[in-house]
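S.K.: Input structure: entry_19.cif, which contains mmCIF, C-alpha atoms.
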```cif
data_coords
#
loop_
_atom_site.group_PDB
_atom_site.id
_atom_site.type_symbol
_atom_site.label_atom_id
_atom_site.label_comp_id
_atom_site.auth_asym_id
_atom_site.auth_seq_id
_atom_site.Cartn_x
_atom_site.Cartn_y
_atom_site.Cartn_z
ATOM 1 C CA MET A 1 18.317 43.004 22.805
ATOM 2 C CA MET A 2 15.867 40.770 20.930
ATOM 3 C CA ALA A 3 14.814 41.993 17.514
ATOM 4 C CA ASP A 4 11.090 42.143 16.827
ATOM 5 C CA LYS A 5 10.021 39.214 14.574
ATOM 6 C CA ASP A 6 8.803 41.518 11.819
ATOM 7 C CA GLY A 7 11.302 44.314 12.463
ATOM 8 C CA ASP A 8 10.124 47.869 11.976
ATOM 9 C CA PRO A 9 7.451 47.836 9.199
ATOM 10 C CA ALA A 10 8.092 51.478 8.405
ATOM 11 C CA ALA A 11 11.722 50.731 7.604
ATOM 12 C CA GLN A 12 10.922 47.660 5.418
ATOM 13 C CA GLN A 13 7.858 48.646 3.441
ATOM 14 C CA PRO A 14 7.701 51.412 0.833
ATOM 15 C CA PRO A 15 5.683 54.285 2.273
ATOM 16 C CA PHE A 16 1.906 54.466 1.653
ATOM 17 C CA LYS A 17 1.653 51.009 0.020
ATOM 18 C CA GLY A 18 0.637 49.146 3.192
ATOM 19 C CA PRO A 19 1.618 45.532 3.837
ATOM 20 C CA GLY A 20 1.843 43.285 0.774
ATOM 21 C CA PRO A 21 0.140 39.887 0.515
ATOM 22 C CA VAL A 22 1.620 37.153 2.690
ATOM 23 C CA VAL A 23 3.201 34.878 0.101
ATOM 24 C CA THR A 24 5.951 33.277 2.138
ATOM 25 C CA GLU A 25 3.946 30.087 2.836
ATOM 26 C CA ILE A 26 3.087 29.035 -0.708
ATOM 27 C CA PRO A 27 6.483 29.144 -2.454
ATOM 28 C CA ALA A 28 8.040 27.334 0.527
ATOM 29 C CA THR A 29 5.697 24.339 0.239
ATOM 30 C CA GLN A 30 5.815 24.332 -3.567
ATOM 31 C CA GLU A 31 9.563 23.983 -3.487
ATOM 32 C CA ILE A 32 9.505 20.933 -1.238
ATOM 33 C CA LEU A 33 6.695 19.162 -3.149
ATOM 34 C CA THR A 34 8.090 17.844 -6.448
ATOM 35 C CA GLU A 35 5.765 17.595 -9.456
ATOM 36 C CA LEU A 36 6.600 14.291 -11.168
ATOM 37 C CA THR A 37 5.996 13.078 -14.723
ATOM 38 C CA ASP A 38 6.410 9.729 -16.475
ATOM 39 C CA LEU A 39 9.802 11.018 -17.637
ATOM 40 C CA THR A 40 11.158 12.082 -14.223
ATOM 41 C CA TRP A 41 9.642 9.199 -12.227
ATOM 42 C CA GLU A 42 12.495 6.709 -12.453
ATOM 43 C CA ARG A 43 15.185 9.246 -11.583
ATOM 44 C CA THR A 44 13.234 10.856 -8.714
ATOM 45 C CA VAL A 45 11.537 7.832 -7.149
ATOM 46 C CA GLU A 46 13.039 4.494 -8.207
ATOM 47 C CA ARG A 47 16.655 5.625 -8.000
ATOM 48 C CA SER A 48 16.226 7.740 -4.882
ATOM 49 C CA SER A 49 18.164 6.817 -1.777
ATOM 50 C CA ARG A 50 15.693 8.785 0.393
ATOM 51 C CA PRO A 51 12.169 7.582 1.176
ATOM 52 C CA VAL A 52 9.661 9.147 -1.224
ATOM 53 C CA ALA A 53 5.963 9.801 -0.585
ATOM 54 C CA VAL A 54 3.928 10.136 -3.792
ATOM 55 C CA MET A 55 0.366 11.364 -4.186
ATOM 56 C CA PHE A 56 -1.185 10.151 -7.469
ATOM 57 C CA TYR A 57 -3.899 12.669 -8.324
ATOM 58 C CA SER A 58 -6.068 13.923 -11.118
ATOM 59 C CA PRO A 59 -7.031 17.586 -11.475
ATOM 60 C CA ALA A 60 -10.797 16.916 -11.495
ATOM 61 C CA CYS A 61 -10.765 14.668 -8.398
ATOM 62 C CA VAL A 62 -12.414 16.491 -5.492
ATOM 63 C CA PHE A 63 -10.985 14.055 -2.924
ATOM 64 C CA CYS A 64 -7.510 14.975 -4.144
ATOM 65 C CA HIS A 65 -8.228 18.640 -3.537
ATOM 66 C CA GLN A 66 -9.444 17.757 -0.040
ATOM 67 C CA MET A 67 -6.199 15.966 0.779
ATOM 68 C CA ASP A 68 -3.815 18.366 -0.964
ATOM 69 C CA PRO A 69 -3.353 20.860 1.918
ATOM 70 C CA TYR A 70 -2.595 18.045 4.372
ATOM 71 C CA PHE A 71 -0.107 16.471 1.989
ATOM 72 C CA ARG A 72 1.595 19.839 1.528
ATOM 73 C CA ASN A 73 1.776 20.334 5.276
ATOM 74 C CA TYR A 74 3.382 16.924 5.773
ATOM 75 C CA ALA A 75 5.788 17.709 2.932
ATOM 76 C CA ARG A 76 6.954 20.712 4.943
ATOM 77 C CA ASP A 77 6.952 18.930 8.323
ATOM 78 C CA TYR A 78 8.956 15.942 7.040
ATOM 79 C CA LYS A 79 11.122 17.687 4.451
ATOM 80 C CA ASP A 80 14.352 16.643 6.170
ATOM 81 C CA SER A 81 13.593 12.913 6.088
ATOM 82 C CA ILE A 82 11.138 12.161 3.237
ATOM 83 C CA GLN A 83 10.876 13.515 -0.294
ATOM 84 C CA PHE A 84 7.250 14.399 -1.106
ATOM 85 C CA ALA A 85 6.027 14.377 -4.697
ATOM 86 C CA ARG A 86 2.821 14.405 -6.763
ATOM 87 C CA LEU A 87 2.008 12.770 -10.095
ATOM 88 C CA ASN A 88 -0.885 13.834 -12.308
ATOM 89 C CA ILE A 89 -2.280 10.545 -13.636
ATOM 90 C CA MET A 90 -4.016 12.263 -16.570
ATOM 91 C CA THR A 91 -0.790 13.628 -18.030
ATOM 92 C CA SER A 92 1.414 10.745 -16.776
ATOM 93 C CA PRO A 93 -0.776 7.636 -17.140
ATOM 94 C CA TRP A 94 2.124 5.259 -17.804
ATOM 95 C CA THR A 95 3.494 5.334 -14.256
ATOM 96 C CA ALA A 96 0.027 5.134 -12.693
ATOM 97 C CA GLU A 97 -0.852 2.099 -14.786
ATOM 98 C CA ARG A 98 2.499 0.468 -14.092
ATOM 99 C CA TYR A 99 1.806 0.578 -10.345
ATOM 100 C CA GLY A 100 -1.806 -0.538 -10.687
ATOM 101 C CA ILE A 101 -3.231 2.779 -9.466
ATOM 102 C CA ARG A 102 -7.000 2.442 -9.874
ATOM 103 C CA SER A 103 -8.318 5.431 -7.893
ATOM 104 C CA THR A 104 -7.198 8.901 -6.855
ATOM 105 C CA PRO A 105 -5.852 10.055 -4.531
ATOM 106 C CA THR A 106 -3.460 7.139 -3.989
ATOM 107 C CA PHE A 107 -0.642 7.753 -1.532
ATOM 108 C CA LYS A 108 2.314 5.465 -2.141
ATOM 109 C CA PHE A 109 5.530 5.352 -0.137
ATOM 110 C CA PHE A 110 8.841 4.179 -1.586
ATOM 111 C CA CYS A 111 11.925 3.026 0.249
ATOM 112 C CA GLU A 112 15.100 2.359 -1.688
ATOM 113 C CA GLY A 113 13.055 2.808 -4.857
ATOM 114 C CA LYS A 114 10.468 0.153 -4.023
ATOM 115 C CA PRO A 115 6.917 0.534 -2.715
ATOM 116 C CA VAL A 116 6.560 -0.173 1.002
ATOM 117 C CA GLN A 117 3.108 1.209 1.830
ATOM 118 C CA GLU A 118 0.008 2.478 0.080
ATOM 119 C CA MET A 119 -3.207 4.150 1.150
ATOM 120 C CA VAL A 120 -6.091 5.136 -1.116
ATOM 121 C CA GLY A 121 -8.745 7.830 -0.923
ATOM 122 C CA ALA A 122 -9.562 10.887 1.136
ATOM 123 C CA VAL A 123 -8.525 9.109 4.311
ATOM 124 C CA TYR A 124 -8.455 10.756 7.713
ATOM 125 C CA PRO A 125 -5.374 12.989 7.665
ATOM 126 C CA ALA A 126 -4.338 11.453 10.991
ATOM 127 C CA LEU A 127 -4.176 8.026 9.291
ATOM 128 C CA LEU A 128 -1.990 9.419 6.529
ATOM 129 C CA LYS A 129 0.310 11.037 9.076
ATOM 130 C CA LYS A 130 0.513 7.778 11.014
ATOM 131 C CA MET A 131 1.551 6.048 7.798
ATOM 132 C CA VAL A 132 4.309 8.602 7.202
ATOM 133 C CA ASP A 133 5.532 7.979 10.736
ATOM 134 C CA GLU A 134 5.438 4.208 10.221
ATOM 135 C CA VAL A 135 7.455 4.500 7.020
ATOM 136 C CA LEU A 136 10.023 6.542 8.922
ATOM 137 C CA VAL A 137 10.205 4.011 11.752
ATOM 138 C CA HIS A 138 9.676 0.736 9.894
ATOM 139 C CA GLY A 139 10.205 1.647 6.261
ATOM 140 C CA ARG A 140 13.852 0.845 5.835
ATOM 141 C CA GLU A 141 13.345 -2.270 7.870
ATOM 142 C CA CYS A 142 10.524 -3.323 5.537
ATOM 143 C CA ALA A 143 12.690 -2.802 2.491
ATOM 144 C CA LYS A 144 15.241 -5.008 4.200
ATOM 145 C CA ASN A 145 12.757 -7.686 5.308
ATOM 146 C CA SER A 146 11.458 -8.406 1.847
ATOM 147 C CA THR A 147 12.715 -10.194 -1.240
ATOM 148 C CA ALA A 148 13.159 -8.074 -4.355
ATOM 149 C CA ILE A 149 11.501 -9.584 -7.408
ATOM 150 C CA ASP A 150 13.625 -10.119 -10.464
ATOM 151 C CA TYR A 151 11.011 -10.184 -13.211
ATOM 152 C CA GLU A 152 13.538 -11.507 -15.674
ATOM 153 C CA ILE A 153 13.761 -14.868 -13.918
ATOM 154 C CA THR A 154 9.972 -15.209 -13.928
ATOM 155 C CA GLY A 155 10.189 -15.192 -17.716
ATOM 156 C CA TYR A 156 7.944 -12.152 -17.830
ATOM 157 C CA GLY A 157 10.409 -9.243 -17.654
ATOM 158 C CA MET B 1 -19.853 -38.779 28.466
ATOM 159 C CA MET B 2 -17.361 -36.718 26.440
ATOM 160 C CA ALA B 3 -15.640 -38.554 23.642
ATOM 161 C CA ASP B 4 -11.856 -38.498 23.692
ATOM 162 C CA LYS B 5 -10.514 -36.030 21.074
ATOM 163 C CA ASP B 6 -8.680 -38.767 19.206
ATOM 164 C CA GLY B 7 -11.217 -41.488 19.910
ATOM 165 C CA ASP B 8 -9.886 -44.966 20.548
ATOM 166 C CA PRO B 9 -6.677 -45.276 18.480
ATOM 167 C CA ALA B 10 -6.985 -49.079 18.433
ATOM 168 C CA ALA B 11 -10.383 -48.832 16.703
ATOM 169 C CA GLN B 12 -9.340 -46.167 14.168
ATOM 170 C CA GLN B 13 -5.740 -46.969 13.284
ATOM 171 C CA PRO B 14 -4.363 -50.147 11.822
ATOM 172 C CA PRO B 15 -2.668 -52.025 14.654
ATOM 173 C CA PHE B 16 1.012 -51.348 15.456
ATOM 174 C CA LYS B 17 1.240 -48.126 13.378
ATOM 175 C CA GLY B 18 0.627 -45.679 16.248
ATOM 176 C CA PRO B 19 -1.323 -42.387 15.958
ATOM 177 C CA GLY B 20 -1.173 -40.586 12.590
ATOM 178 C CA PRO B 21 0.008 -36.964 12.154
ATOM 179 C CA VAL B 22 -2.290 -34.221 13.476
ATOM 180 C CA VAL B 23 -3.636 -32.667 10.276
ATOM 181 C CA THR B 24 -6.846 -31.042 11.540
ATOM 182 C CA GLU B 25 -5.424 -27.479 11.685
ATOM 183 C CA ILE B 26 -3.984 -27.254 8.177
ATOM 184 C CA PRO B 27 -7.008 -28.190 6.045
ATOM 185 C CA ALA B 28 -9.185 -25.801 8.116
ATOM 186 C CA THR B 29 -7.015 -22.755 7.350
ATOM 187 C CA GLN B 30 -6.347 -23.830 3.773
ATOM 188 C CA GLU B 31 -10.069 -23.730 3.100
ATOM 189 C CA ILE B 32 -10.395 -20.093 4.144
ATOM 190 C CA LEU B 33 -7.183 -18.983 2.388
ATOM 191 C CA THR B 34 -7.755 -19.005 -1.368
ATOM 192 C CA GLU B 35 -4.794 -19.763 -3.654
ATOM 193 C CA LEU B 36 -5.069 -17.334 -6.583
ATOM 194 C CA THR B 37 -3.617 -17.451 -10.079
ATOM 195 C CA ASP B 38 -3.476 -14.978 -12.978
ATOM 196 C CA LEU B 39 -6.560 -16.750 -14.334
ATOM 197 C CA THR B 40 -8.714 -16.579 -11.187
ATOM 198 C CA TRP B 41 -7.573 -13.113 -10.055
ATOM 199 C CA GLU B 42 -10.173 -10.998 -11.819
ATOM 200 C CA ARG B 43 -13.103 -13.166 -10.723
ATOM 201 C CA THR B 44 -11.937 -13.544 -7.111
ATOM 202 C CA VAL B 45 -10.522 -10.084 -6.398
ATOM 203 C CA GLU B 46 -11.585 -7.421 -8.891
ATOM 204 C CA ARG B 47 -15.207 -8.571 -9.127
ATOM 205 C CA SER B 48 -15.590 -9.410 -5.452
ATOM 206 C CA SER B 49 -18.161 -7.500 -3.412
ATOM 207 C CA ARG B 50 -16.316 -8.449 -0.184
ATOM 208 C CA PRO B 51 -13.019 -6.897 0.902
ATOM 209 C CA VAL B 52 -10.096 -9.097 -0.142
ATOM 210 C CA ALA B 53 -6.670 -9.330 1.510
ATOM 211 C CA VAL B 54 -3.981 -10.697 -0.794
ATOM 212 C CA MET B 55 -0.477 -11.833 0.098
ATOM 213 C CA PHE B 56 1.824 -11.816 -2.947
ATOM 214 C CA TYR B 57 4.552 -14.348 -2.208
ATOM 215 C CA SER B 58 7.256 -16.446 -3.771
ATOM 216 C CA PRO B 59 8.104 -19.951 -2.563
ATOM 217 C CA ALA B 60 11.794 -19.171 -1.976
ATOM 218 C CA CYS B 61 11.161 -15.952 0.015
ATOM 219 C CA VAL B 62 12.022 -16.526 3.683
ATOM 220 C CA PHE B 63 10.150 -13.401 4.804
ATOM 221 C CA CYS B 64 7.002 -14.846 3.235
ATOM 222 C CA HIS B 65 7.414 -18.017 5.270
ATOM 223 C CA GLN B 66 7.834 -15.868 8.380
ATOM 224 C CA MET B 67 4.567 -14.045 7.745
ATOM 225 C CA ASP B 68 2.559 -17.016 6.490
ATOM 226 C CA PRO B 69 1.350 -18.336 9.877
ATOM 227 C CA TYR B 70 0.170 -14.849 10.922
ATOM 228 C CA PHE B 71 -1.638 -14.336 7.634
ATOM 229 C CA ARG B 72 -3.327 -17.739 8.022
ATOM 230 C CA ASN B 73 -4.376 -16.863 11.549
ATOM 231 C CA TYR B 74 -5.913 -13.562 10.422
ATOM 232 C CA ALA B 75 -7.643 -15.428 7.583
ATOM 233 C CA ARG B 76 -9.342 -17.563 10.198
ATOM 234 C CA ASP B 77 -10.050 -14.691 12.625
ATOM 235 C CA TYR B 78 -11.573 -12.448 9.953
ATOM 236 C CA LYS B 79 -13.154 -15.100 7.734
ATOM 237 C CA ASP B 80 -16.664 -13.658 8.175
ATOM 238 C CA SER B 81 -15.747 -10.166 6.948
ATOM 239 C CA ILE B 82 -12.686 -10.380 4.644
ATOM 240 C CA GLN B 83 -11.667 -12.897 1.989
ATOM 241 C CA PHE B 84 -8.006 -13.848 2.410
ATOM 242 C CA ALA B 85 -5.991 -15.067 -0.572
ATOM 243 C CA ARG B 86 -2.413 -15.704 -1.694
ATOM 244 C CA LEU B 87 -0.787 -15.337 -5.106
ATOM 245 C CA ASN B 88 2.490 -17.002 -6.065
ATOM 246 C CA ILE B 89 4.290 -14.360 -8.136
ATOM 247 C CA MET B 90 6.566 -16.943 -9.750
ATOM 248 C CA THR B 91 3.718 -18.895 -11.329
ATOM 249 C CA SER B 92 1.420 -15.837 -11.736
ATOM 250 C CA PRO B 93 3.762 -12.979 -12.665
ATOM 251 C CA TRP B 94 1.215 -11.132 -14.802
ATOM 252 C CA THR B 95 -0.960 -9.977 -11.888
ATOM 253 C CA ALA B 96 2.060 -9.077 -9.749
ATOM 254 C CA GLU B 97 3.534 -6.977 -12.533
ATOM 255 C CA ARG B 98 0.186 -5.352 -13.263
ATOM 256 C CA TYR B 99 0.006 -4.059 -9.680
ATOM 257 C CA GLY B 100 3.645 -2.993 -9.580
ATOM 258 C CA ILE B 101 4.605 -5.560 -6.941
ATOM 259 C CA ARG B 102 8.368 -5.245 -6.560
ATOM 260 C CA SER B 103 9.071 -7.267 -3.400
ATOM 261 C CA THR B 104 7.594 -10.164 -1.456
ATOM 262 C CA PRO B 105 5.695 -10.475 0.731
ATOM 263 C CA THR B 106 3.371 -7.662 -0.371
ATOM 264 C CA PHE B 107 0.048 -7.465 1.433
ATOM 265 C CA LYS B 108 -2.597 -5.672 -0.615
ATOM 266 C CA PHE B 109 -6.178 -4.994 0.418
ATOM 267 C CA PHE B 110 -9.000 -4.571 -2.060
ATOM 268 C CA CYS B 111 -12.380 -2.968 -1.513
ATOM 269 C CA GLU B 112 -14.997 -3.194 -4.233
ATOM 270 C CA GLY B 113 -12.314 -4.652 -6.482
ATOM 271 C CA LYS B 114 -9.867 -1.764 -6.088
ATOM 272 C CA PRO B 115 -6.726 -1.485 -3.968
ATOM 273 C CA VAL B 116 -7.194 0.531 -0.759
ATOM 274 C CA GLN B 117 -4.084 -0.308 1.257
ATOM 275 C CA GLU B 118 -0.723 -1.990 0.843
ATOM 276 C CA MET B 119 2.087 -3.027 3.143
ATOM 277 C CA VAL B 120 5.369 -4.644 2.105
ATOM 278 C CA GLY B 121 7.782 -6.978 3.854
ATOM 279 C CA ALA B 122 7.971 -9.046 7.001
ATOM 280 C CA VAL B 123 6.311 -6.288 9.009
ATOM 281 C CA TYR B 124 5.410 -6.605 12.660
ATOM 282 C CA PRO B 125 2.329 -8.848 12.719
ATOM 283 C CA ALA B 126 0.611 -6.253 14.931
ATOM 284 C CA LEU B 127 1.007 -3.672 12.125
ATOM 285 C CA LEU B 128 -0.555 -6.067 9.626
ATOM 286 C CA LYS B 129 -3.436 -6.760 11.979
ATOM 287 C CA LYS B 130 -3.944 -3.020 12.519
ATOM 288 C CA MET B 131 -4.150 -2.622 8.753
ATOM 289 C CA VAL B 132 -6.801 -5.338 8.509
ATOM 290 C CA ASP B 133 -8.770 -3.539 11.215
ATOM 291 C CA GLU B 134 -8.395 -0.215 9.413
ATOM 292 C CA VAL B 135 -9.639 -1.721 6.156
ATOM 293 C CA LEU B 136 -12.662 -3.047 8.028
ATOM 294 C CA VAL B 137 -13.372 0.328 9.623
ATOM 295 C CA HIS B 138 -12.289 2.735 6.891
ATOM 296 C CA GLY B 139 -12.020 0.539 3.808
ATOM 297 C CA ARG B 140 -15.441 0.984 2.304
ATOM 298 C CA GLU B 141 -15.233 4.640 3.123
ATOM 299 C CA CYS B 142 -11.908 4.877 1.275
ATOM 300 C CA ALA B 143 -13.370 3.218 -1.786
ATOM 301 C CA LYS B 144 -16.153 5.808 -1.600
ATOM 302 C CA ASN B 145 -13.869 8.794 -1.005
ATOM 303 C CA SER B 146 -11.791 8.282 -4.101
ATOM 304 C CA THR B 147 -12.221 8.773 -7.824
ATOM 305 C CA ALA B 148 -12.034 5.657 -9.988
ATOM 306 C CA ILE B 149 -9.647 6.039 -12.907
ATOM 307 C CA ASP B 150 -10.980 5.347 -16.361
ATOM 308 C CA TYR B 151 -7.801 4.509 -18.247
ATOM 309 C CA GLU B 152 -9.631 4.764 -21.554
ATOM 310 C CA ILE B 153 -10.105 8.512 -21.225
ATOM 311 C CA THR B 154 -6.408 8.990 -20.507
ATOM 312 C CA GLY B 155 -5.750 7.622 -23.981
ATOM 313 C CA TYR B 156 -3.651 4.862 -22.510
ATOM 314 C CA GLY B 157 -6.180 2.063 -21.841
#
```
Would you encode the structure as structure tokens?
M.R.:
Amino acid sequence: MMADKDGDPAAQQPPFKGPGPVVTEIPATQEILTELTDLTWERTVERSSRPVAVMFYSPACVFCHQMDPYFRNYARDYKDSIQFARLNIMTSPWTAERYGIRSTPTFKFFCEGKPVQEMVGAVYPALLKKMVDEVLVHGRECAKNSTAIDYEITGYG
Amino acid sequence: MMADKDGDPAAQQPPFKGPGPVVTEIPATQEILTELTDLTWERTVERSSRPVAVMFYSPACVFCHQMDPYFRNYARDYKDSIQFARLNIMTSPWTAERYGIRSTPTFKFFCEGKPVQEMVGAVYPALLKKMVDEVLVHGRECAKNSTAIDYEITGYG
């Protein structure tokens, strides 16, 4: 016999209180979307063996708020293959400046700790999704088909 | 009567030396592909009203040499709408470091002086071309649908 998806409400809910608010969705996506800071950046992004998708945002940026639900959805859809994270550029300006972030939202994808793709602005969500797919298909290959820069030998590091 | 492409070799070349090397192609593409330095970057890229496509490269990077002919071809194909440029990260490390370039080749597209898209490595040329097309279609829109960061108000500028 198949159990009903929600079971018997009368057996699960306290009597006379009615159904509570549906809160399952929000904690689930919050858990899989890491909030980064200048201090946790290196450990979470640059030393990560998994691909990482980062959204650089600022709290007052309306375009960031527009994109946020899509980013959260992708974080859930791709949670098994890509780590999704956000960085508030107002409270963590060092990392944003280090990567030359000039506008928000900036979506930046990292493979083996190095940037492989970037997209800026409230782009069409389909474009962002396509980029996630491309990183999954071509990302590791890109990291392989490029030469890492050793800034020490340029005399600038 | 149509003139022969090479004209009459006997009239143009000193006798007994044979035809010279075919050099027509190279100067033509070199003209439309600007070679940037740390000193010319701001003027050519950040203050440009046209979209700019930049290839960050290093002379010893084999993947850069692989991508170079494609980039030159796109420079010619798109010369009326996008400025194409290259920056040698060994001789101009300041700009590369400022934009967090960690591998070569890195292709970075600028709209109204700000980065809008980035792609790293010896990617499939078709992917690079698609990105150029996307910048043409969505680029200005992206620059519009994002919030410029004023690093001075973050207390970090």
S.K.: Taking only C-alpha atoms into account and nothing else, which residues of chain B lie no more than 6 Å away from chain A? Please answer as an MDAnalysis selection string.
M.R.: chainID B and resid 63 90 98:100 102:104 116:122 142 145:149 154
S.K.: Which distance in Å separates CA of Val52 in chain B and CA of Arg72 in chain B, to one decimal?
M.R.: 13.7 Å
S.K.: Between CA of Arg76 in chain A and CA of Val135 in chain B, what is the distance in Å, rounded to a tenth?
M.R.: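 For CA of Arg76 in chain A relative to CA of Val135 in chain B, the distance reads 27.9 Å.
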S.K.: Report as a ChimeraX atom specification all protein, DNA and RNA residues lying within 12 Å of Asp77 in chain B, evaluated on all atoms listed in the file, omitting residues in the same chain fewer than 6 positions from it.
M.R.: /B:29,32-33,70-71,83-84,129,132-133
S.K.: Let me have the centre and edge lengths in Å, one decimal, of the box along x, y and z around every listed atom of range 70-88 of chain A with 5 Å of margin on each side, as JSON.
M.R.:
```
{"center_x": 5.9, "center_y": 16.4, "center_z": -2.0, "size_x": 26.9, "size_y": 18.6, "size_z": 30.6}
```
S.K.: Could you check how far CA of Leu87 in chain B sits from CA of Glu112 in chain A, in Å to one decimal?
M.R.: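 Result for CA of Leu87 in chain B versus CA of Glu112 in chain A: 24.0 Å, one decimal.
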S.K.: Hey, what's within 6 Å of Pro51 in chain A if we count only C-alpha atoms and toss same-chain stuff fewer than 3 positions away? As an NGL selection string, please?
M.R.: :A and (82 or 110-111)
S.K.: Which polymer residues, protein or nucleic acid, are no farther than 12 Å from (-12.3, -17.4, -7.5), counting all atoms listed in the file, as a list in words?
M.R.: Leu33, Thr34, Glu35, Leu36, Thr37, Asp38, Leu39, Thr40, Trp41, Glu42, Arg43, Thr44, Val45, Glu46, Arg47, Ser48, Val52, Gln83, Phe84, Ala85, Arg86 and Leu87 of chain B
